[in-house]
>>> print(open('input08.pdb').read())   # PDB, C-alpha atoms and all ligand atoms
ATOM      1  CA  MET Y  31      10.990   3.938  -7.394  1.00  0.00           C
ATOM      2  CA  LEU Y  32       9.078   1.824  -4.899  1.00  0.00           C
ATOM      3  CA  ALA Y  33       8.908   2.028  -1.111  1.00  0.00           C
ATOM      4  CA  ILE Y  34       8.821  -1.083   1.037  1.00  0.00           C
ATOM      5  CA  GLY Y  35       7.984  -1.525   4.698  1.00  0.00           C
ATOM      6  CA  SER Y  36       7.010  -4.133   7.233  1.00  0.00           C
ATOM      7  CA  ASP Y  37       6.332  -4.731  10.870  1.00  0.00           C
ATOM      8  CA  HIS Y  38       8.264  -7.390  12.824  1.00  0.00           C
ATOM      9  CA  ARG Y  39       5.998 -10.176  11.567  1.00  0.00           C
ATOM     10  CA  GLY Y  40       6.681  -9.190   7.985  1.00  0.00           C
ATOM     11  CA  PHE Y  41      10.356  -8.336   8.509  1.00  0.00           C
ATOM     12  CA  ALA Y  42      11.959 -11.532   7.133  1.00  0.00           C
ATOM     13  CA  LEU Y  43       9.779 -11.534   4.004  1.00  0.00           C
ATOM     14  CA  LYS Y  44      10.330  -7.802   3.476  1.00  0.00           C
ATOM     15  CA  GLU Y  45      14.111  -8.309   3.576  1.00  0.00           C
ATOM     16  CA  ARG Y  46      13.927 -11.041   0.929  1.00  0.00           C
ATOM     17  CA  LEU Y  47      11.548  -9.047  -1.262  1.00  0.00           C
ATOM     18  CA  ARG Y  48      13.765  -5.943  -1.087  1.00  0.00           C
ATOM     19  CA  GLY Y  49      16.726  -7.969  -2.372  1.00  0.00           C
ATOM     20  CA  TRP Y  50      14.622  -9.549  -5.093  1.00  0.00           C
ATOM     21  CA  LEU Y  51      13.195  -6.189  -6.233  1.00  0.00           C
ATOM     22  CA  ARG Y  52      16.660  -4.630  -6.360  1.00  0.00           C
ATOM     23  CA  SER Y  53      17.946  -7.625  -8.354  1.00  0.00           C
ATOM     24  CA  ARG Y  54      15.219  -6.791 -10.895  1.00  0.00           C
ATOM     25  CA  GLY Y  55      16.795  -3.341 -11.275  1.00  0.00           C
ATOM     26  CA  LEU Y  56      14.213  -1.407  -9.280  1.00  0.00           C
ATOM     27  CA  VAL Y  57      15.174   1.417  -6.935  1.00  0.00           C
ATOM     28  CA  ILE Y  58      13.766   0.543  -3.514  1.00  0.00           C
ATOM     29  CA  CYS Y  59      13.329   2.904  -0.585  1.00  0.00           C
ATOM     30  CA  ASP Y  60      13.170   0.778   2.588  1.00  0.00           C
ATOM     31  CA  LEU Y  61      11.271   2.581   5.363  1.00  0.00           C
ATOM     32  CA  GLY Y  62      11.724  -0.202   7.909  1.00  0.00           C
ATOM     33  CA  THR Y  63      11.351  -1.947  10.153  1.00  0.00           C
ATOM     34  CA  PHE Y  64      15.027  -2.847  10.342  1.00  0.00           C
ATOM     35  CA  SER Y  65      14.966  -5.678  12.874  1.00  0.00           C
ATOM     36  CA  ALA Y  66      12.663  -8.355  14.231  1.00  0.00           C
ATOM     37  CA  GLU Y  67      11.917  -6.226  17.334  1.00  0.00           C
ATOM     38  CA  PRO Y  68       8.173  -5.652  17.719  1.00  0.00           C
ATOM     39  CA  VAL Y  69       6.863  -2.515  16.058  1.00  0.00           C
ATOM     40  CA  ASP Y  70       3.275  -1.317  15.612  1.00  0.00           C
ATOM     41  CA  TYR Y  71       2.263  -1.710  11.959  1.00  0.00           C
ATOM     42  CA  PRO Y  72       0.693   1.794  11.668  1.00  0.00           C
ATOM     43  CA  ASP Y  73       4.115   3.286  12.504  1.00  0.00           C
ATOM     44  CA  ILE Y  74       5.372   1.816   9.235  1.00  0.00           C
ATOM     45  CA  ALA Y  75       2.217   1.839   7.092  1.00  0.00           C
ATOM     46  CA  ILE Y  76       1.469   5.555   7.527  1.00  0.00           C
ATOM     47  CA  PRO Y  77       4.924   6.933   6.544  1.00  0.00           C
ATOM     48  CA  VAL Y  78       5.018   4.549   3.572  1.00  0.00           C
ATOM     49  CA  ALA Y  79       1.550   5.685   2.480  1.00  0.00           C
ATOM     50  CA  GLU Y  80       2.618   9.313   2.916  1.00  0.00           C
ATOM     51  CA  VAL Y  81       5.615   8.996   0.579  1.00  0.00           C
ATOM     52  CA  VAL Y  82       3.257   7.452  -1.981  1.00  0.00           C
ATOM     53  CA  HIS Y  83       0.752  10.273  -1.394  1.00  0.00           C
ATOM     54  CA  ASP Y  84       3.512  12.873  -1.842  1.00  0.00           C
ATOM     55  CA  ARG Y  85       4.679  11.060  -5.018  1.00  0.00           C
ATOM     56  CA  PHE Y  86       8.217  10.587  -3.749  1.00  0.00           C
ATOM     57  CA  VAL Y  87       7.754   6.998  -4.959  1.00  0.00           C
ATOM     58  CA  ASP Y  88       5.534   5.398  -7.582  1.00  0.00           C
ATOM     59  CA  GLY Y  89       4.097   2.752  -5.292  1.00  0.00           C
ATOM     60  CA  ALA Y  90       4.824   0.534  -2.323  1.00  0.00           C
ATOM     61  CA  VAL Y  91       4.782  -2.941  -0.860  1.00  0.00           C
ATOM     62  CA  LEU Y  92       3.816  -3.387   2.798  1.00  0.00           C
ATOM     63  CA  VAL Y  93       4.221  -6.624   4.739  1.00  0.00           C
ATOM     64  CA  CYS Y  94       2.798  -7.620   8.118  1.00  0.00           C
ATOM     65  CA  GLY Y  95       1.535 -10.919   9.495  1.00  0.00           C
ATOM     66  CA  THR Y  96      -1.704 -10.964   7.526  1.00  0.00           C
ATOM     67  CA  GLY Y  97      -1.531  -7.917   5.244  1.00  0.00           C
ATOM     68  CA  LEU Y  98      -4.731  -6.615   6.808  1.00  0.00           C
ATOM     69  CA  GLY Y  99      -3.432  -4.153   9.390  1.00  0.00           C
ATOM     70  CA  MET Y 100      -1.070  -2.554   6.883  1.00  0.00           C
ATOM     71  CA  ALA Y 101      -3.891  -2.110   4.367  1.00  0.00           C
ATOM     72  CA  ILE Y 102      -6.322  -0.670   6.889  1.00  0.00           C
ATOM     73  CA  ALA Y 103      -3.727   1.814   8.176  1.00  0.00           C
ATOM     74  CA  ALA Y 104      -2.392   2.856   4.741  1.00  0.00           C
ATOM     75  CA  ASN Y 105      -5.911   3.469   3.431  1.00  0.00           C
ATOM     76  CA  LYS Y 106      -6.397   6.210   6.061  1.00  0.00           C
ATOM     77  CA  VAL Y 107      -3.996   8.435   4.115  1.00  0.00           C
ATOM     78  CA  PRO Y 108      -6.045  10.455   1.592  1.00  0.00           C
ATOM     79  CA  GLY Y 109      -5.747   9.307  -1.986  1.00  0.00           C
ATOM     80  CA  ILE Y 110      -4.227   5.979  -1.067  1.00  0.00           C
ATOM     81  CA  PHE Y 111      -5.621   2.739  -2.383  1.00  0.00           C
ATOM     82  CA  ALA Y 112      -3.878  -0.113  -0.566  1.00  0.00           C
ATOM     83  CA  ALA Y 113      -4.977  -3.671  -1.343  1.00  0.00           C
ATOM     84  CA  PRO Y 114      -4.318  -6.769   0.754  1.00  0.00           C
ATOM     85  CA  VAL Y 115      -3.408  -9.409  -1.822  1.00  0.00           C
ATOM     86  CA  THR Y 116      -3.080 -13.200  -1.516  1.00  0.00           C
ATOM     87  CA  SER Y 117      -3.096 -14.360  -5.139  1.00  0.00           C
ATOM     88  CA  VAL Y 118      -1.922 -13.367  -8.605  1.00  0.00           C
ATOM     89  CA  ARG Y 119      -5.574 -12.908  -9.605  1.00  0.00           C
ATOM     90  CA  LEU Y 120      -6.059 -10.335  -6.819  1.00  0.00           C
ATOM     91  CA  ALA Y 121      -2.738  -8.653  -7.659  1.00  0.00           C
ATOM     92  CA  GLU Y 122      -3.920  -8.033 -11.220  1.00  0.00           C
ATOM     93  CA  ALA Y 123      -7.302  -6.761 -10.034  1.00  0.00           C
ATOM     94  CA  ALA Y 124      -5.609  -4.513  -7.484  1.00  0.00           C
ATOM     95  CA  ARG Y 125      -4.141  -2.605 -10.426  1.00  0.00           C
ATOM     96  CA  THR Y 126      -6.592  -3.055 -13.296  1.00  0.00           C
ATOM     97  CA  SER Y 127      -9.723  -2.382 -11.260  1.00  0.00           C
ATOM     98  CA  SER Y 128      -8.676  -0.688  -7.991  1.00  0.00           C
ATOM     99  CA  ASN Y 129      -5.581   1.178  -9.265  1.00  0.00           C
ATOM    100  CA  ALA Y 130      -3.893   0.344  -5.953  1.00  0.00           C
ATOM    101  CA  GLN Y 131      -0.582   2.122  -5.506  1.00  0.00           C
ATOM    102  CA  ILE Y 132       0.197  -0.110  -2.513  1.00  0.00           C
ATOM    103  CA  ILE Y 133      -0.114  -3.842  -2.137  1.00  0.00           C
ATOM    104  CA  CYS Y 134      -0.097  -5.440   1.285  1.00  0.00           C
ATOM    105  CA  LEU Y 135       1.166  -8.945   1.885  1.00  0.00           C
ATOM    106  CA  GLY Y 136       0.771 -11.243   4.871  1.00  0.00           C
ATOM    107  CA  ALA Y 137       4.021 -13.033   5.624  1.00  0.00           C
ATOM    108  CA  GLU Y 138       2.058 -15.720   7.448  1.00  0.00           C
ATOM    109  CA  VAL Y 139      -0.315 -16.389   4.552  1.00  0.00           C
ATOM    110  CA  VAL Y 140       1.772 -15.687   1.432  1.00  0.00           C
ATOM    111  CA  PRO Y 141       5.003 -17.655   0.878  1.00  0.00           C
ATOM    112  CA  TYR Y 142       8.019 -15.920  -0.705  1.00  0.00           C
ATOM    113  CA  GLU Y 143       7.625 -17.385  -4.221  1.00  0.00           C
ATOM    114  CA  LEU Y 144       3.968 -16.395  -4.389  1.00  0.00           C
ATOM    115  CA  ALA Y 145       4.828 -12.940  -3.020  1.00  0.00           C
ATOM    116  CA  THR Y 146       7.254 -12.385  -5.927  1.00  0.00           C
ATOM    117  CA  GLN Y 147       4.595 -13.547  -8.422  1.00  0.00           C
ATOM    118  CA  ILE Y 148       2.059 -11.199  -6.827  1.00  0.00           C
ATOM    119  CA  ILE Y 149       4.387  -8.203  -7.042  1.00  0.00           C
ATOM    120  CA  GLU Y 150       5.347  -9.106 -10.609  1.00  0.00           C
ATOM    121  CA  ALA Y 151       1.678  -9.259 -11.641  1.00  0.00           C
ATOM    122  CA  TRP Y 152       0.862  -5.980  -9.893  1.00  0.00           C
ATOM    123  CA  LEU Y 153       3.823  -4.203 -11.537  1.00  0.00           C
ATOM    124  CA  ARG Y 154       2.912  -5.560 -14.968  1.00  0.00           C
ATOM    125  CA  ALA Y 155      -0.816  -4.784 -14.853  1.00  0.00           C
ATOM    126  CA  GLU Y 156      -2.278  -1.470 -15.955  1.00  0.00           C
ATOM    127  CA  PHE Y 157      -5.316   0.421 -14.725  1.00  0.00           C
ATOM    128  CA  ARG Y 158      -8.325  -0.084 -16.974  1.00  0.00           C
ATOM    129  CA  ASN Y 159      -9.800   3.359 -17.128  1.00  0.00           C
ATOM    130  CA  GLY Y 160     -13.549   3.030 -17.576  1.00  0.00           C
ATOM    131  CA  ASP Y 161     -16.252   2.159 -15.093  1.00  0.00           C
ATOM    132  CA  SER Y 162     -13.557   1.703 -12.453  1.00  0.00           C
ATOM    133  CA  ALA Y 163     -12.504   5.354 -12.649  1.00  0.00           C
ATOM    134  CA  ARG Y 164     -16.041   6.475 -11.810  1.00  0.00           C
ATOM    135  CA  LYS Y 165     -16.190   4.117  -8.824  1.00  0.00           C
ATOM    136  CA  LEU Y 166     -12.812   5.264  -7.487  1.00  0.00           C
ATOM    137  CA  ASP Y 167     -13.961   8.883  -7.853  1.00  0.00           C
ATOM    138  CA  LYS Y 168     -16.889   8.094  -5.552  1.00  0.00           C
ATOM    139  CA  ILE Y 169     -14.404   6.937  -2.905  1.00  0.00           C
ATOM    140  CA  ARG Y 170     -12.326  10.107  -3.354  1.00  0.00           C
ATOM    141  CA  ALA Y 171     -15.504  12.162  -2.947  1.00  0.00           C
ATOM    142  CA  VAL Y 172     -15.938  10.705   0.548  1.00  0.00           C
ATOM    143  CA  GLU Y 173     -12.414  11.823   1.442  1.00  0.00           C
ATOM    144  CA  ARG Y 174     -13.172  15.337   0.197  1.00  0.00           C
ATOM    145  CA  ARG Y 175     -16.420  15.415   2.197  1.00  0.00           C
ATOM    146  CA  TYR Y 176     -14.658  14.512   5.427  1.00  0.00           C
ATOM    147  CA  ALA Y 177     -11.763  16.890   4.727  1.00  0.00           C
ATOM    148  CA  HIS Y 178     -14.363  19.639   4.356  1.00  0.00           C
ATOM    149  CA  THR Y 179     -16.150  18.822   7.639  1.00  0.00           C
ATOM    150  CA  ALA Y 180     -12.797  18.575   9.453  1.00  0.00           C
ATOM    151  CA  ALA Y 181     -11.830  22.026   8.156  1.00  0.00           C
ATOM    152  CA  LEU Y 182     -15.238  23.358   9.210  1.00  0.00           C
ATOM    153  CA  ARG Y 183     -14.861  21.907  12.710  1.00  0.00           C
ATOM    154  CA  GLY Y 184     -11.450  23.638  12.950  1.00  0.00           C
ATOM    155  CA  THR Y 185     -12.971  26.974  11.913  1.00  0.00           C
ATOM    156  CA  LEU Y 186     -15.849  26.646  14.379  1.00  0.00           C
ATOM    157  CA  SER Y 187     -13.578  25.721  17.287  1.00  0.00           C
ATOM    158  CA  GLN Y 188     -11.345  28.733  16.541  1.00  0.00           C
ATOM    159  CA  ALA Y 189     -14.434  30.957  16.449  1.00  0.00           C
ATOM    160  CA  GLY Y 190     -15.268  30.048  19.893  1.00  0.00           C
TER     161      GLY Y 190
HETATM  162  C1  LIG Y 201       1.247  -7.819  14.530  1.00  0.00           C
HETATM  163  O1  LIG Y 201       0.923  -7.310  15.715  1.00  0.00           O
HETATM  164  C2  LIG Y 201       0.053  -8.045  13.632  1.00  0.00           C
HETATM  165  O2  LIG Y 201      -1.071  -7.398  14.118  1.00  0.00           O
HETATM  166  C3  LIG Y 201       0.366  -7.569  12.243  1.00  0.00           C
HETATM  167  O3  LIG Y 201       1.510  -8.186  11.757  1.00  0.00           O
HETATM  168  C4  LIG Y 201      -0.713  -7.779  11.211  1.00  0.00           C
HETATM  169  O4  LIG Y 201      -0.907  -9.131  10.949  1.00  0.00           O
HETATM  170  C5  LIG Y 201      -1.968  -7.063  11.422  1.00  0.00           C
HETATM  171  O5  LIG Y 201      -2.850  -7.083  10.574  1.00  0.00           O
END
>>> encode(input="input08.pdb", output="structure tokens", more="lines below")
Ligand code: RB5
Amino acid sequence: MLAIGSDHRGFALKERLRGWLRSRGLVICDLGTFSAEPVDYPDIAIPVAEVVHDRFVDGAVLVCGTGLGMAIAANKVPGIFAAPVTSVRLAEAARTSSNAQIICLGAEVVPYELATQIIEAWLRAEFRNGDSARKLDKIRAVERRYAHTAALRGTLSQAG
């Protein structure tokens, strides 16, 4: 199962991609937005990243105007690797090298046909466990370090 989400600038593309993904037989959980009314992209990116983090879904597609805001916001959720992608080449690398569970598309820079090719390539590709795993572990180590200091700050502030 995949989650999908967009802000207002990605709304039209997200609607088309949801239909296309379902026509391919995939189960899609649409977390909004559900109209072209303006919405702040973190309000969509964070819940989508959280359902990926909690493993309610296997991955997700996020769409905004450029793909950048969605990626920056989603990557704040621990364990999430969200890649802004504009080509099939990057879609493959997002999986084989970065093991991205989320790809982020810019509706204003990626036309519909290319978006379907990007998603297809990302779904088909597999993570190449090797040097990449070590590099991704170094990124996870940073998350653990900050989680530790945040917990410590909480303890110290409770102490007084
Ligand atoms: C919309 O406000 C715009 O910021 C968003 O769609 C996205 O392009 C941000 O990266």
>>> closest_residue(input="input08.pdb", among="Y:Ala151, Y:Ala42, Y:Leu144, Y:Val107", to="Glu67 in chain Y", atoms="only C-alpha atoms")
Y:Ala42
>>> residues_near_ligand(input="input08.pdb", ligand="ligand LIG 201 (chain Y)", cutoff="9 Å", atoms="all atoms listed in the file", output="PyMOL selection string")
chain Y and resi 36-40+68-71+93-102+136-138
>>> resolve_selection(input="input08.pdb", expression="the PyMOL selection byres (((chain Y and resi 119) around 12) and not hetatm)", output="VMD selection string")
chain Y and resid 115 to 118 120 to 127 144 147 to 152 155
>>> residues_around(input="input08.pdb", residues="range 53-66 of chain Y", least_positions_apart="4", cutoff="10 Å", atoms="all atoms listed in the file", output="VMD selection string")
chain Y and resid 31 to 42 44 to 45 47 to 49 70 to 71 73 to 75 77 to 78 81 86 to 87 90 to 92
>>> resolve_selection(input="input08.pdb", expression="the PyMOL selection byres (((chain Y and resi 163-169) around 12) and not hetatm)", output="short mmCIF file (atom, residue, chain, number, x, y, z; two decimals) with C-alpha atoms, in the frame of the given file")
data_model
loop_
_atom_site.label_atom_id
_atom_site.label_comp_id
_atom_site.auth_asym_id
_atom_site.auth_seq_id
_atom_site.Cartn_x
_atom_site.Cartn_y
_atom_site.Cartn_z
CA ASN Y 105 -5.91 3.47 3.43
CA PRO Y 108 -6.04 10.46 1.59
CA GLY Y 109 -5.75 9.31 -1.99
CA ILE Y 110 -4.23 5.98 -1.07
CA PHE Y 111 -5.62 2.74 -2.38
CA ARG Y 125 -4.14 -2.60 -10.43
CA THR Y 126 -6.59 -3.06 -13.30
CA SER Y 127 -9.72 -2.38 -11.26
CA SER Y 128 -8.68 -0.69 -7.99
CA ASN Y 129 -5.58 1.18 -9.26
CA ALA Y 130 -3.89 0.34 -5.95
CA PHE Y 157 -5.32 0.42 -14.72
CA ARG Y 158 -8.32 -0.08 -16.97
CA ASN Y 159 -9.80 3.36 -17.13
CA GLY Y 160 -13.55 3.03 -17.58
CA ASP Y 161 -16.25 2.16 -15.09
CA SER Y 162 -13.56 1.70 -12.45
CA ARG Y 170 -12.33 10.11 -3.35
CA ALA Y 171 -15.50 12.16 -2.95
CA VAL Y 172 -15.94 10.70 0.55
CA GLU Y 173 -12.41 11.82 1.44
CA ARG Y 174 -13.17 15.34 0.20
CA ARG Y 175 -16.42 15.42 2.20
CA TYR Y 176 -14.66 14.51 5.43
#
>>> atom_distance(input="input08.pdb", atom1="CA of Arg52 in chain Y", atom2="CA of Thr146 in chain Y")
12.2 Å
>>> closest_residue(input="input08.pdb", among="Y:Leu153, Y:Pro72, Y:Pro114, Y:Arg183", to="Val140 in chain Y", atoms="all atoms listed in the file")
Y:Pro114
>>> atom_distance(input="input08.pdb", atom1="CA of Ile132 in chain Y", atom2="CA of Ala112 in chain Y")
4.5 Å
>>> atom_distance(input="input08.pdb", atom1="CA of Gln131 in chain Y", atom2="CA of Lys106 in chain Y")
13.6 Å
>>> axis_aligned_box(input="input08.pdb", around="range 86-99 of chain Y", padding_each_side="6 Å", output="AutoDock Vina command-line options")
--center_x 1.7 --center_y -0.2 --center_z 1.0 --size_x 24.9 --size_y 33.6 --size_z 29.1
>>> build_atoms(input="input08.pdb", residues="range 164-179 of chain Y", atoms="N, CA, C and O atoms", output="tab-separated table (two decimals), keeping the file's coordinate frame")
chain	number	residue	atom	x	y	z
Y	164	ARG	N	-14.87	5.84	-12.43
Y	164	ARG	CA	-16.04	6.48	-11.81
Y	164	ARG	C	-16.22	5.98	-10.37
Y	164	ARG	O	-16.48	6.76	-9.46
Y	165	LYS	N	-16.01	4.68	-10.17
Y	165	LYS	CA	-16.19	4.12	-8.82
Y	165	LYS	C	-15.11	4.65	-7.86
Y	165	LYS	O	-15.40	4.97	-6.70
Y	166	LEU	N	-13.89	4.74	-8.35
Y	166	LEU	CA	-12.81	5.26	-7.49
Y	166	LEU	C	-13.06	6.73	-7.16
Y	166	LEU	O	-12.77	7.19	-6.05
Y	167	ASP	N	-13.64	7.47	-8.12
Y	167	ASP	CA	-13.96	8.88	-7.85
Y	167	ASP	C	-14.98	9.01	-6.73
Y	167	ASP	O	-14.94	9.97	-5.95
Y	168	LYS	N	-15.90	8.06	-6.64
Y	168	LYS	CA	-16.89	8.09	-5.55
Y	168	LYS	C	-16.21	7.91	-4.19
Y	168	LYS	O	-16.64	8.47	-3.19
Y	169	ILE	N	-15.16	7.12	-4.16
Y	169	ILE	CA	-14.40	6.94	-2.90
Y	169	ILE	C	-13.65	8.23	-2.57
Y	169	ILE	O	-13.66	8.70	-1.43
Y	170	ARG	N	-13.05	8.84	-3.58
Y	170	ARG	CA	-12.33	10.11	-3.35
Y	170	ARG	C	-13.28	11.20	-2.87
Y	170	ARG	O	-12.91	12.05	-2.07
Y	171	ALA	N	-14.51	11.15	-3.36
Y	171	ALA	CA	-15.50	12.16	-2.95
Y	171	ALA	C	-15.77	12.07	-1.45
Y	171	ALA	O	-15.99	13.09	-0.78
Y	172	VAL	N	-15.74	10.87	-0.91
Y	172	VAL	CA	-15.94	10.70	0.55
Y	172	VAL	C	-14.79	11.37	1.29
Y	172	VAL	O	-15.00	12.08	2.29
Y	173	GLU	N	-13.57	11.18	0.79
Y	173	GLU	CA	-12.41	11.82	1.44
Y	173	GLU	C	-12.56	13.34	1.43
Y	173	GLU	O	-12.30	14.01	2.43
Y	174	ARG	N	-13.01	13.88	0.29
Y	174	ARG	CA	-13.17	15.34	0.20
Y	174	ARG	C	-14.24	15.82	1.17
Y	174	ARG	O	-14.10	16.86	1.82
Y	175	ARG	N	-15.33	15.03	1.29
Y	175	ARG	CA	-16.42	15.42	2.20
Y	175	ARG	C	-15.93	15.50	3.64
Y	175	ARG	O	-16.20	16.44	4.35
Y	176	TYR	N	-15.14	14.51	4.04
Y	176	TYR	CA	-14.66	14.51	5.43
Y	176	TYR	C	-13.57	15.56	5.64
Y	176	TYR	O	-13.47	16.14	6.72
Y	177	ALA	N	-12.77	15.83	4.61
Y	177	ALA	CA	-11.76	16.89	4.73
Y	177	ALA	C	-12.48	18.22	4.95
Y	177	ALA	O	-12.07	19.04	5.77
Y	178	HIS	N	-13.60	18.40	4.25
Y	178	HIS	CA	-14.36	19.64	4.36
Y	178	HIS	C	-14.94	19.77	5.78
Y	178	HIS	O	-14.83	20.83	6.40
Y	179	THR	N	-15.54	18.71	6.30
Y	179	THR	CA	-16.15	18.82	7.64
Y	179	THR	C	-15.06	19.00	8.71
Y	179	THR	O	-15.26	19.71	9.68
